[in-house]
>>> print(open('coords17.tsv').read())   # TSV, C-alpha atoms and all ligand atoms
chain	number	residue	atom	x	y	z
A	540	MET	CA	-5.64	42.01	30.45
A	541	THR	CA	-5.42	40.51	26.99
A	542	LYS	CA	-3.70	37.18	26.77
A	543	PRO	CA	-0.34	37.23	24.96
A	544	GLN	CA	-0.60	36.01	21.41
A	545	ILE	CA	1.92	33.90	19.58
A	546	ARG	CA	3.38	35.67	16.57
A	547	PRO	CA	1.83	34.15	13.44
A	548	VAL	CA	4.08	32.08	11.20
A	549	SER	CA	3.89	32.49	7.48
A	550	GLY	CA	5.57	30.44	4.82
A	551	ALA	CA	5.60	30.33	1.06
A	552	GLN	CA	2.20	30.47	-0.57
A	553	TYR	CA	2.91	27.39	-2.68
A	554	SER	CA	5.52	24.66	-3.00
A	555	ARG	CA	6.82	22.49	-5.82
A	556	ILE	CA	9.39	19.82	-6.58
A	557	LEU	CA	12.57	21.60	-7.68
A	558	GLY	CA	14.82	18.62	-8.32
A	559	VAL	CA	14.69	14.84	-8.43
A	560	GLY	CA	17.45	12.22	-8.35
A	561	GLY	CA	17.77	8.48	-8.13
A	562	TYR	CA	20.27	5.76	-7.28
A	563	ARG	CA	20.07	2.29	-8.80
A	564	PRO	CA	22.32	-0.42	-7.38
A	565	VAL	CA	25.01	-1.80	-9.68
A	566	ARG	CA	23.97	-5.47	-9.54
A	567	VAL	CA	21.27	-6.45	-12.03
A	568	ILE	CA	19.19	-9.52	-11.22
A	569	PRO	CA	17.55	-10.77	-14.43
A	570	ASN	CA	14.54	-13.09	-14.31
A	571	SER	CA	16.87	-15.93	-15.29
A	572	GLU	CA	18.60	-15.59	-11.90
A	573	VAL	CA	15.26	-15.60	-10.03
A	574	LEU	CA	14.48	-18.90	-11.78
A	575	GLU	CA	17.40	-20.44	-9.89
A	576	TRP	CA	15.43	-19.90	-6.65
A	577	ILE	CA	11.79	-20.52	-7.57
A	578	ASP	CA	9.80	-22.72	-9.90
A	579	SER	CA	8.61	-20.17	-12.47
A	580	SER	CA	9.39	-18.91	-15.96
A	581	ASP	CA	10.63	-15.70	-17.50
A	582	GLU	CA	7.40	-15.52	-19.49
A	583	TRP	CA	5.20	-15.92	-16.37
A	584	ILE	CA	7.06	-13.21	-14.48
A	585	ARG	CA	6.97	-10.81	-17.43
A	586	THR	CA	3.30	-11.31	-18.25
A	587	ARG	CA	2.00	-11.41	-14.64
A	588	SER	CA	4.11	-8.54	-13.29
A	589	GLY	CA	5.86	-6.76	-16.19
A	590	ILE	CA	9.25	-7.28	-14.54
A	591	ALA	CA	12.26	-8.31	-16.65
A	592	GLU	CA	14.98	-7.47	-14.13
A	593	ARG	CA	15.55	-5.69	-10.84
A	594	ARG	CA	18.57	-4.23	-9.03
A	595	TRP	CA	19.80	-5.61	-5.72
A	596	ALA	CA	22.13	-3.65	-3.52
A	597	GLY	CA	25.56	-4.91	-2.51
A	598	PRO	CA	27.07	-4.54	0.98
A	599	GLU	CA	28.43	-1.06	0.21
A	600	GLU	CA	25.09	0.16	-1.13
A	601	SER	CA	23.51	0.80	2.24
A	602	VAL	CA	20.27	2.68	2.83
A	603	ALA	CA	22.33	5.76	3.77
A	604	GLU	CA	24.75	5.45	0.85
A	605	MET	CA	22.03	5.06	-1.78
A	606	SER	CA	20.13	7.99	-0.23
A	607	VAL	CA	23.15	10.29	-0.25
A	608	GLN	CA	23.78	9.48	-3.93
A	609	ALA	CA	20.17	10.11	-4.94
A	610	ALA	CA	19.89	13.26	-2.83
A	611	GLY	CA	23.09	14.70	-4.31
A	612	LYS	CA	21.53	14.55	-7.76
A	613	ALA	CA	18.26	16.10	-6.57
A	614	ILE	CA	20.10	18.94	-4.82
A	615	ALA	CA	22.18	19.64	-7.94
A	616	GLN	CA	19.09	19.71	-10.12
A	617	ALA	CA	17.30	22.05	-7.71
A	618	GLY	CA	20.25	24.43	-7.89
A	619	ILE	CA	20.45	24.93	-4.13
A	620	SER	CA	23.16	24.10	-1.64
A	621	ALA	CA	22.79	21.42	1.03
A	622	GLU	CA	23.02	24.07	3.79
A	623	GLN	CA	19.78	25.61	2.54
A	624	ILE	CA	17.85	22.41	3.30
A	625	GLY	CA	15.59	22.92	6.30
A	626	GLY	CA	14.20	19.40	6.62
A	627	VAL	CA	15.20	15.83	5.73
A	628	ILE	CA	12.46	13.21	5.52
A	629	VAL	CA	13.42	9.61	4.78
A	630	SER	CA	10.74	7.05	4.02
A	631	THR	CA	11.87	3.44	4.33
A	632	VAL	CA	10.71	0.09	5.68
A	633	SER	CA	14.04	-1.63	5.16
A	634	HIS	CA	16.48	0.19	7.42
A	635	PHE	CA	17.10	-2.15	10.32
A	636	LYS	CA	18.58	0.20	12.89
A	637	GLN	CA	15.55	1.85	14.36
A	638	THR	CA	17.30	4.52	16.32
A	639	PRO	CA	18.70	7.03	15.66
A	640	ALA	CA	16.75	7.87	12.51
A	641	ILE	CA	18.83	7.21	9.40
A	642	ALA	CA	17.74	10.69	8.21
A	643	THR	CA	20.15	12.30	10.69
A	644	GLU	CA	23.15	10.44	9.26
A	645	ILE	CA	22.07	11.27	5.70
A	646	SER	CA	21.60	14.93	6.64
A	647	GLU	CA	25.05	15.04	8.23
A	648	ARG	CA	26.74	13.38	5.26
A	649	LEU	CA	25.08	15.78	2.83
A	650	GLY	CA	25.98	18.83	4.91
A	651	CYS	CA	22.46	19.93	5.76
A	652	GLY	CA	23.62	21.54	9.01
A	653	ASN	CA	21.11	21.29	11.83
A	654	ALA	CA	18.10	20.59	9.63
A	655	PRO	CA	15.37	18.58	11.38
A	656	ALA	CA	15.73	15.03	10.10
A	657	PHE	CA	13.39	12.10	10.65
A	658	ASP	CA	12.25	8.77	9.20
A	659	ILE	CA	8.73	7.78	8.25
A	660	SER	CA	7.29	4.34	7.58
A	661	ALA	CA	4.61	4.42	4.90
A	662	ALA	CA	5.80	1.65	2.57
A	663	CYS	CA	4.94	2.25	-1.08
A	664	ALA	CA	3.02	5.45	-0.26
A	665	GLY	CA	6.09	6.84	1.50
A	666	PHE	CA	7.17	9.28	-1.19
A	667	GLY	CA	3.68	10.81	-1.35
A	668	TYR	CA	3.47	11.01	2.44
A	669	GLY	CA	6.88	12.72	2.52
A	670	LEU	CA	5.83	15.16	-0.20
A	671	GLY	CA	2.71	16.07	1.79
A	672	LEU	CA	4.77	16.72	4.91
A	673	ALA	CA	7.31	18.79	2.98
A	674	ASP	CA	4.55	20.86	1.38
A	675	GLY	CA	3.07	21.56	4.82
A	676	MET	CA	6.45	22.47	6.33
A	677	ILE	CA	7.20	24.93	3.53
A	678	ARG	CA	3.78	26.55	3.39
A	679	GLY	CA	3.55	26.56	7.18
A	680	GLY	CA	6.78	28.55	7.44
A	681	ASN	CA	8.84	25.87	9.17
A	682	ALA	CA	11.27	25.21	6.31
A	683	GLU	CA	12.23	26.76	3.00
A	684	TYR	CA	13.61	23.66	1.29
A	685	VAL	CA	12.89	20.06	2.27
A	686	LEU	CA	14.63	16.91	1.06
A	687	VAL	CA	12.29	13.93	0.66
A	688	ILE	CA	13.89	10.52	0.17
A	689	GLY	CA	12.29	7.15	-0.57
A	690	VAL	CA	14.82	4.36	-0.12
A	691	GLU	CA	14.63	0.58	0.18
A	692	ARG	CA	16.79	-2.53	0.33
A	693	LEU	CA	13.85	-4.90	-0.11
A	694	SER	CA	16.26	-7.67	-1.09
A	695	ASP	CA	17.02	-7.88	2.64
A	696	LEU	CA	13.34	-8.64	3.27
A	697	THR	CA	12.87	-11.05	0.38
A	698	ASP	CA	12.44	-14.76	0.97
A	699	GLN	CA	14.09	-16.17	-2.14
A	700	SER	CA	12.11	-19.38	-1.79
A	701	ASP	CA	8.71	-17.61	-1.78
A	702	ARG	CA	7.21	-17.95	-5.26
A	703	SER	CA	4.71	-15.16	-4.66
A	704	THR	CA	7.25	-12.43	-3.83
A	705	ALA	CA	10.79	-13.50	-4.84
A	706	PHE	CA	10.52	-11.94	-8.31
A	707	ILE	CA	8.86	-8.67	-7.29
A	708	PHE	CA	11.10	-6.57	-5.10
A	709	GLY	CA	14.12	-4.42	-5.89
A	710	ASP	CA	16.43	-1.94	-4.17
A	711	GLY	CA	17.14	1.73	-4.80
A	712	ALA	CA	16.71	5.31	-3.68
A	713	GLY	CA	14.84	8.28	-5.07
A	714	ALA	CA	15.02	11.82	-3.74
A	715	ALA	CA	13.32	15.16	-4.33
A	716	ILE	CA	13.94	18.70	-3.20
A	717	VAL	CA	10.70	20.53	-2.44
A	718	GLY	CA	10.82	24.30	-2.16
A	719	PRO	CA	8.81	27.53	-2.44
A	720	SER	CA	6.93	28.35	-5.62
A	721	ASP	CA	4.96	31.32	-7.03
A	722	THR	CA	2.35	28.96	-8.46
A	723	PRO	CA	0.83	25.74	-7.05
A	724	GLY	CA	3.21	22.86	-7.78
A	725	ILE	CA	1.75	20.18	-5.51
A	726	GLY	CA	-1.99	19.60	-5.67
A	727	LYS	CA	-4.14	18.44	-2.79
A	728	LEU	CA	-2.84	15.16	-1.47
A	729	ILE	CA	-5.43	12.38	-1.36
A	730	TRP	CA	-3.98	10.08	1.26
A	731	GLY	CA	-5.18	7.57	3.75
A	732	SER	CA	-4.88	4.12	5.26
A	733	ASP	CA	-6.95	0.99	5.83
A	734	GLY	CA	-5.56	-0.92	8.78
A	735	SER	CA	-8.31	-3.52	8.49
A	736	GLN	CA	-6.28	-4.95	5.60
A	737	ALA	CA	-2.91	-4.79	7.38
A	738	ASP	CA	-2.36	-8.53	6.97
A	739	LEU	CA	-2.34	-8.44	3.16
A	740	ILE	CA	1.28	-7.24	2.93
A	741	THR	CA	3.32	-7.72	6.07
A	742	GLN	CA	6.47	-9.15	7.60
A	743	THR	CA	6.40	-12.88	8.20
A	744	GLN	CA	7.18	-12.18	11.84
A	745	ALA	CA	8.16	-9.24	14.03
A	746	TRP	CA	11.85	-8.86	14.93
A	747	ASP	CA	11.23	-9.51	18.63
A	748	THR	CA	9.40	-12.75	17.79
A	749	ALA	CA	12.26	-13.82	15.55
A	750	PHE	CA	14.79	-13.06	18.26
A	751	ALA	CA	12.76	-14.90	20.88
A	752	LYS	CA	12.77	-17.94	18.61
A	753	SER	CA	16.49	-17.64	17.99
A	754	ASP	CA	16.99	-17.65	21.78
A	755	ALA	CA	14.87	-20.75	21.87
A	756	ILE	CA	17.23	-22.41	19.41
A	757	ASN	CA	19.79	-22.76	22.18
A	758	GLY	CA	17.32	-24.57	24.41
A	759	ALA	CA	14.65	-26.18	22.27
A	760	GLY	CA	16.42	-26.25	18.92
A	761	GLU	CA	13.56	-24.38	17.24
A	762	GLU	CA	14.45	-23.08	13.83
A	763	THR	CA	14.00	-19.40	13.13
A	764	LYS	CA	13.88	-17.62	9.80
A	765	TRP	CA	14.96	-14.07	9.02
A	766	PRO	CA	11.69	-12.08	8.65
A	767	ALA	CA	10.62	-11.40	5.08
A	768	LEU	CA	7.80	-9.64	3.27
A	769	LYS	CA	4.76	-11.77	2.53
A	770	MET	CA	1.88	-10.77	0.38
A	771	ASP	CA	-1.60	-11.97	-0.45
A	772	GLY	CA	-1.25	-10.99	-4.11
A	773	GLN	CA	-4.79	-11.26	-5.44
A	774	PRO	CA	-6.67	-9.10	-2.89
A	775	VAL	CA	-3.86	-6.54	-3.09
A	776	PHE	CA	-4.19	-6.58	-6.85
A	777	ARG	CA	-7.99	-6.08	-6.69
A	778	TRP	CA	-7.68	-3.29	-4.09
A	779	ALA	CA	-5.04	-1.53	-6.16
A	780	VAL	CA	-7.06	-1.72	-9.34
A	781	TRP	CA	-10.49	-0.75	-7.95
A	782	GLU	CA	-9.82	1.50	-5.01
A	783	MET	CA	-6.63	3.21	-6.17
A	784	ALA	CA	-8.09	4.24	-9.52
A	785	LYS	CA	-10.75	6.13	-7.52
A	786	VAL	CA	-8.09	7.77	-5.35
A	787	ALA	CA	-6.15	8.80	-8.47
A	788	GLN	CA	-9.32	10.32	-9.94
A	789	GLN	CA	-9.93	12.22	-6.68
A	790	ALA	CA	-6.42	13.67	-6.89
A	791	LEU	CA	-7.12	14.84	-10.45
A	792	ASP	CA	-10.47	16.36	-9.46
A	793	ALA	CA	-9.01	18.08	-6.39
A	794	ALA	CA	-6.30	19.64	-8.56
A	795	GLY	CA	-8.89	20.73	-11.13
A	796	ILE	CA	-7.06	18.80	-13.85
A	797	THR	CA	-8.42	16.39	-16.43
A	798	ALA	CA	-6.53	13.27	-17.51
A	799	ASP	CA	-5.85	14.71	-20.98
A	800	GLN	CA	-4.02	17.68	-19.42
A	801	LEU	CA	-1.39	15.44	-17.84
A	802	GLY	CA	2.17	15.33	-19.12
A	803	ALA	CA	2.85	12.07	-17.27
A	804	PHE	CA	1.23	9.35	-15.17
A	805	ILE	CA	3.67	8.02	-12.57
A	806	PRO	CA	2.01	5.32	-10.46
A	807	HIS	CA	3.87	3.25	-7.88
A	808	GLN	CA	5.69	0.51	-9.78
A	809	ALA	CA	3.92	-2.47	-8.20
A	810	ASN	CA	2.80	-4.44	-11.22
A	811	MET	CA	2.48	-3.47	-14.89
A	812	ARG	CA	-1.02	-4.97	-15.00
A	813	ILE	CA	-2.14	-2.72	-12.14
A	814	THR	CA	-0.80	0.27	-14.09
A	815	ASP	CA	-2.65	-0.84	-17.23
A	816	ALA	CA	-5.90	-1.30	-15.32
A	817	MET	CA	-5.57	2.17	-13.83
A	818	ILE	CA	-4.97	3.69	-17.25
A	819	LYS	CA	-8.28	2.17	-18.37
A	820	ALA	CA	-10.20	3.25	-15.27
A	821	LEU	CA	-8.89	6.82	-15.58
A	822	LYS	CA	-9.56	6.84	-19.35
A	823	LEU	CA	-6.05	8.16	-19.78
A	824	PRO	CA	-5.49	9.23	-23.40
A	825	GLU	CA	-2.71	7.37	-25.21
A	826	SER	CA	-0.87	10.65	-25.59
A	827	VAL	CA	-0.07	10.72	-21.84
A	828	PRO	CA	3.29	9.02	-21.18
A	829	VAL	CA	3.16	6.37	-18.45
A	830	ALA	CA	5.99	5.31	-16.13
A	831	ARG	CA	6.97	1.69	-16.77
A	832	ASP	CA	10.19	1.64	-14.80
A	833	ILE	CA	9.13	-1.62	-13.10
A	834	ALA	CA	10.41	-3.58	-16.10
A	835	GLU	CA	14.01	-2.84	-15.16
A	836	THR	CA	13.71	-1.89	-11.50
A	837	GLY	CA	11.11	-4.17	-9.93
A	838	ASN	CA	9.04	-2.87	-7.03
A	839	THR	CA	11.20	-0.58	-4.89
A	840	SER	CA	8.37	0.60	-2.60
A	841	ALA	CA	9.06	4.17	-1.36
A	842	ALA	CA	11.75	4.70	-4.02
A	843	SER	CA	9.64	3.70	-7.01
A	844	ILE	CA	7.92	7.01	-7.86
A	845	PRO	CA	10.97	9.31	-7.69
A	846	LEU	CA	13.06	6.71	-9.57
A	847	ALA	CA	10.41	6.47	-12.29
A	848	MET	CA	10.07	10.26	-12.38
A	849	GLU	CA	13.81	10.72	-12.85
A	850	ARG	CA	13.87	8.16	-15.64
A	851	MET	CA	10.98	9.80	-17.53
A	852	LEU	CA	12.62	13.22	-17.30
A	853	GLU	CA	16.05	11.91	-18.33
A	854	SER	CA	14.69	9.94	-21.28
A	855	GLY	CA	12.70	12.92	-22.49
A	856	GLU	CA	9.38	11.07	-22.15
A	857	ALA	CA	8.20	13.76	-19.72
A	858	HIS	CA	9.27	17.37	-19.46
A	859	SER	CA	10.02	19.91	-16.77
A	860	GLY	CA	6.94	21.99	-16.01
A	861	ASP	CA	4.52	19.27	-17.16
A	862	LEU	CA	1.82	18.06	-14.79
A	863	ALA	CA	2.19	14.51	-13.47
A	864	LEU	CA	-0.28	12.38	-11.56
A	865	ILE	CA	1.53	10.34	-8.92
A	866	ILE	CA	-0.01	7.63	-6.77
A	867	GLY	CA	1.63	5.33	-4.25
A	868	PHE	CA	-0.06	2.41	-2.47
A	869	GLY	CA	0.96	-0.59	-0.45
A	870	ALA	CA	1.48	-2.22	2.92
A	871	GLY	CA	-0.73	-0.79	5.64
A	872	LEU	CA	-2.70	-0.59	3.52
A	873	VAL	CA	-1.71	3.01	2.76
A	874	TYR	CA	-2.03	5.30	-0.22
A	875	ALA	CA	-1.20	8.83	-1.38
A	876	ALA	CA	-1.95	10.56	-4.68
A	877	ALA	CA	-1.48	14.07	-6.02
A	878	VAL	CA	-0.97	16.07	-9.18
A	879	VAL	CA	2.49	17.66	-9.19
A	880	THR	CA	4.46	19.90	-11.50
A	881	LEU	CA	7.56	18.08	-12.74
A	882	PRO	CA	10.91	19.66	-11.87
B	901	LIG	C1	1.81	-11.42	-7.16
B	901	LIG	C2	1.02	-11.48	-8.44
B	901	LIG	C3	1.89	-11.07	-9.62
B	901	LIG	C4	0.58	-12.91	-8.66
B	901	LIG	O1	-0.19	-13.01	-9.83
B	901	LIG	P1	-1.58	-13.76	-9.79
B	901	LIG	O2	-2.08	-13.76	-11.16
B	901	LIG	O3	-2.43	-13.14	-8.74
B	901	LIG	O4	-1.12	-15.21	-9.38
B	901	LIG	P2	-1.84	-16.24	-8.42
B	901	LIG	O5	-1.22	-16.13	-7.08
B	901	LIG	O6	-3.32	-16.13	-8.52
B	901	LIG	O7	-1.42	-17.56	-9.10
B	901	LIG	C5	-1.88	-17.91	-10.42
B	901	LIG	C6	-1.18	-19.16	-10.86
B	901	LIG	O8	0.22	-18.89	-11.04
B	901	LIG	C7	0.98	-19.77	-10.21
B	901	LIG	N1	2.12	-19.01	-9.70
B	901	LIG	C8	2.20	-18.27	-8.57
B	901	LIG	N2	3.41	-17.74	-8.46
B	901	LIG	C9	4.09	-18.13	-9.53
B	901	LIG	C10	5.39	-17.89	-10.00
B	901	LIG	N3	6.26	-17.10	-9.34
B	901	LIG	N4	5.77	-18.42	-11.17
B	901	LIG	C11	4.94	-19.19	-11.89
B	901	LIG	N5	3.68	-19.47	-11.49
B	901	LIG	C12	3.27	-18.94	-10.34
B	901	LIG	C13	0.07	-20.21	-9.11
B	901	LIG	O9	0.47	-21.43	-8.59
B	901	LIG	C14	-1.24	-20.28	-9.84
B	901	LIG	O10	-1.29	-21.50	-10.54
B	901	LIG	P3	-2.67	-22.32	-10.71
B	901	LIG	O11	-3.57	-21.38	-11.47
B	901	LIG	O12	-2.25	-23.52	-11.45
B	901	LIG	O13	-3.15	-22.57	-9.31
B	901	LIG	C15	-0.22	-10.59	-8.39
B	901	LIG	O14	-1.16	-11.09	-7.49
B	901	LIG	C16	0.09	-9.19	-7.99
B	901	LIG	O15	0.83	-8.49	-8.66
B	901	LIG	N6	-0.52	-8.71	-6.92
B	901	LIG	C17	-0.31	-7.36	-6.45
B	901	LIG	C18	1.06	-7.26	-5.95
B	901	LIG	C19	1.43	-5.90	-5.61
B	901	LIG	O16	1.12	-5.00	-6.29
B	901	LIG	N7	2.15	-5.79	-4.55
B	901	LIG	C20	2.75	-4.63	-4.15
B	901	LIG	C21	1.84	-3.68	-3.59
B	901	LIG	S1	2.87	-2.55	-2.94
>>> encode(input="coords17.tsv", output="structure tokens")
Amino acid sequence: MTKPQIRPVSGAQYSRILGVGGYRPVRVIPNSEVLEWIDSSDEWIRTRSGIAERRWAGPEESVAEMSVQAAGKAIAQAGISAEQIGGVIVSTVSHFKQTPAIATEISERLGCGNAPAFDISAACAGFGYGLGLADGMIRGGNAEYVLVIGVERLSDLTDQSDRSTAFIFGDGAGAAIVGPSDTPGIGKLIWGSDGSQADLITQTQAWDTAFAKSDAINGAGEETKWPALKMDGQPVFRWAVWEMAKVAQQALDAAGITADQLGAFIPHQANMRITDAMIKALKLPESVPVARDIAETGNTSAASIPLAMERMLESGEAHSGDLALIIGFGAGLVYAAAVVTLP
């Protein structure tokens, strides 16, 4: 007797980003305000990182609220209704309630019905990781439209007395609707991780350690500090410049695209000097517009690529249908790069 066979599943042949949207918190923190916390200068921050100001979220601008705002714009641009969304992926490292996933609340607030909804933790590569998952879900026949959100409140994880990080991080949300396409709209994802370098960007201490210490306060009077992000800037910088330029080139090669065919280069907004070094390594022609959103937004980790993408499209620097090279990289260490068609 032949064994029963599962009916094959088939999805769309290709997928693409159909809409993108961002949310930037109202409160602007200029470098002058950062100088009230650390010994530095506006000139040092601008020349070493490219950052002039960043946005920090207020109490009402929660991870869920910023996500809903960004997603609403992406859904509108995609021209679909929230009920059509068959998957909600939220990438964040700064949502402090681990369960249930914040994606379920966001899905409910948007009206995505019973769409599967889950969180991922992939730091600054989170948007690329989410895009890869969405592409697989759509082409694998498990969803027609997927909402991918990158959202952070990194101000909650910033030690304002730490000179090496206090000026870097910002808050915000970026969202994209990924859906079926007649032509390839998301090239092969070049993604990976290197856990041997996990200590380079990490939390100062785990939450359970912090809580154990706070318990100890009662008995031993030990002082505990709210965990924050700490970073060994120089090795991260070197890794980003040398290794990530190779990953970006692999994404171009895998997509069969040359740098001069790009309509935009949208790297993770980690540091303007990293972006400039990558431009050199990739021999990117001057005619290709480059995302420089970091100047006004700081480093918003998972939100940085969709926020930068939205800004380039809105300002007219990049155009719908153009090819963009995106690359995210950060704590893990993790990375993800691909060539995508802009919505
Ligand atoms: C953080 C970063 C901007 C620091 O720049 P840097 O050039 O590496 O700075 P260094 O830590 O080597 O310090 C250089 C000098 O500036 C000083 N300095 C450090 N922080 C400073 C600050 N906030 N303001 C002014 N001076 C500062 C140091 O004391 C040092 O002085 P010295 O030469 O007299 O000893 C840079 O390392 C970086 O961007 N790294 C990658 C970060 C990143 O991309 N992270 C996100 C990945 S997701």
>>> atom_distance(input="coords17.tsv", atom1="CA of Ala662 in chain A", atom2="CA of Ala875 in chain A")
10.8 Å
>>> residues_near_ligand(input="coords17.tsv", ligand="ligand LIG 901 (chain B)", cutoff="8 Å", atoms="all atoms listed in the file", output="PyMOL selection string")
chain A and resi 577-580+583-584+587-588+662-663+701-707+740+770-777+779+807-810+812-813+838+840+868-870
>>> write_last_selection(input="coords17.tsv", atoms="C-alpha atoms", output="compact mmCIF listing (two decimals), keeping the file's coordinate frame")
# COMPACT_ATOMS: atom_id res chain seq x y z
CA ILE A 577 11.79 -20.52 -7.57
CA ASP A 578 9.80 -22.72 -9.90
CA SER A 579 8.61 -20.17 -12.47
CA SER A 580 9.39 -18.91 -15.96
CA TRP A 583 5.20 -15.92 -16.37
CA ILE A 584 7.06 -13.21 -14.48
CA ARG A 587 2.00 -11.41 -14.64
CA SER A 588 4.11 -8.54 -13.29
CA ALA A 662 5.80 1.65 2.57
CA CYS A 663 4.94 2.25 -1.08
CA ASP A 701 8.71 -17.61 -1.78
CA ARG A 702 7.21 -17.95 -5.26
CA SER A 703 4.71 -15.16 -4.66
CA THR A 704 7.25 -12.43 -3.83
CA ALA A 705 10.79 -13.50 -4.84
CA PHE A 706 10.52 -11.94 -8.31
CA ILE A 707 8.86 -8.67 -7.29
CA ILE A 740 1.28 -7.24 2.93
CA MET A 770 1.88 -10.77 0.38
CA ASP A 771 -1.60 -11.97 -0.45
CA GLY A 772 -1.25 -10.99 -4.11
CA GLN A 773 -4.79 -11.26 -5.44
CA PRO A 774 -6.67 -9.10 -2.89
CA VAL A 775 -3.86 -6.54 -3.09
CA PHE A 776 -4.19 -6.58 -6.85
CA ARG A 777 -7.99 -6.08 -6.69
CA ALA A 779 -5.04 -1.53 -6.16
CA HIS A 807 3.87 3.25 -7.88
CA GLN A 808 5.69 0.51 -9.78
CA ALA A 809 3.92 -2.47 -8.20
CA ASN A 810 2.80 -4.44 -11.22
CA ARG A 812 -1.02 -4.97 -15.00
CA ILE A 813 -2.14 -2.72 -12.14
CA ASN A 838 9.04 -2.87 -7.03
CA SER A 840 8.37 0.60 -2.60
CA PHE A 868 -0.06 2.41 -2.47
CA GLY A 869 0.96 -0.59 -0.45
CA ALA A 870 1.48 -2.22 2.92
>>> closest_residue(input="coords17.tsv", among="A:Gln623, A:Gly680, A:Asp721, A:Ala749", to="Asn653 in chain A", atoms="only C-alpha atoms")
A:Gln623
>>> residues_around(input="coords17.tsv", residues="Glu604 in chain A", least_positions_apart="3", cutoff="10 Å", atoms="only C-alpha atoms", output="PyMOL selection string")
chain A and resi 562+599-601+607-610+644-645+648+712
>>> write_last_selection(input="coords17.tsv", atoms="C-alpha atoms", output="mmCIF file, keeping the file's coordinate frame")
data_model
loop_
_atom_site.group_PDB
_atom_site.id
_atom_site.type_symbol
_atom_site.label_atom_id
_atom_site.label_comp_id
_atom_site.auth_asym_id
_atom_site.auth_seq_id
_atom_site.Cartn_x
_atom_site.Cartn_y
_atom_site.Cartn_z
ATOM 1 C CA TYR A 562 20.270 5.760 -7.280
ATOM 2 C CA GLU A 599 28.430 -1.060 0.210
ATOM 3 C CA GLU A 600 25.090 0.160 -1.130
ATOM 4 C CA SER A 601 23.510 0.800 2.240
ATOM 5 C CA VAL A 607 23.150 10.290 -0.250
ATOM 6 C CA GLN A 608 23.780 9.480 -3.930
ATOM 7 C CA ALA A 609 20.170 10.110 -4.940
ATOM 8 C CA ALA A 610 19.890 13.260 -2.830
ATOM 9 C CA GLU A 644 23.150 10.440 9.260
ATOM 10 C CA ILE A 645 22.070 11.270 5.700
ATOM 11 C CA ARG A 648 26.740 13.380 5.260
ATOM 12 C CA ALA A 712 16.710 5.310 -3.680
#
>>> residues_around(input="coords17.tsv", residues="His858 in chain A", least_positions_apart="4", cutoff="12 Å", atoms="all atoms listed in the file", output="list in words")
Leu801, Gly802, Ala803, Val827, Pro828, Met848, Glu849, Arg850, Met851, Leu852, Glu853, Ser854, Leu862, Ala863, Thr880, Leu881 and Pro882 of chain A
>>> closest_residue(input="coords17.tsv", among="A:Leu686, A:Glu572, A:Ala673, A:Ala847", to="Ala642 in chain A", atoms="only C-alpha atoms")
A:Leu686
>>> closest_residue(input="coords17.tsv", among="A:Glu782, A:Asp799, A:Asp698, A:Asp792", to="Lys764 in chain A", atoms="only C-alpha atoms")
A:Asp698
>>> closest_residue(input="coords17.tsv", among="A:Asp695, A:Asp738, A:Asp733, A:Glu622", to="Glu683 in chain A", atoms="only C-alpha atoms")
A:Glu622
>>> closest_residue(input="coords17.tsv", among="A:Thr797, A:Thr741, A:Ser732, A:Thr643", to="Met783 in chain A", atoms="all atoms listed in the file")
A:Ser732
>>> residues_around(input="coords17.tsv", residues="Met811 in chain A", least_positions_apart="6", cutoff="12 Å", atoms="only C-alpha atoms", output="VMD selection string")
chain A and resid 584 to 591 707 776 779 to 780 805 817 to 818 829 to 838
>>> decode(input="coords17.tsv", residues="range 783-796 of chain A", atoms="C-alpha atoms", output="short mmCIF file (atom, residue, chain, number, x, y, z; two decimals), in the first residue's frame")
data_model
loop_
_atom_site.label_atom_id
_atom_site.label_comp_id
_atom_site.auth_asym_id
_atom_site.auth_seq_id
_atom_site.Cartn_x
_atom_site.Cartn_y
_atom_site.Cartn_z
CA MET A 783 30.04 43.70 5.97
CA ALA A 784 31.32 45.19 2.72
CA LYS A 785 31.99 41.59 1.61
CA VAL A 786 28.49 40.52 2.65
CA ALA A 787 27.00 43.46 0.73
CA GLN A 788 29.00 42.46 -2.36
CA GLN A 789 27.75 38.87 -2.01
CA ALA A 790 24.17 40.13 -1.95
CA LEU A 791 24.80 42.09 -5.16
CA ASP A 792 26.44 39.10 -6.84
CA ALA A 793 23.67 36.71 -5.75
CA ALA A 794 21.07 39.07 -7.22
CA GLY A 795 23.07 39.39 -10.45
CA ILE A 796 23.24 43.15 -10.02
#
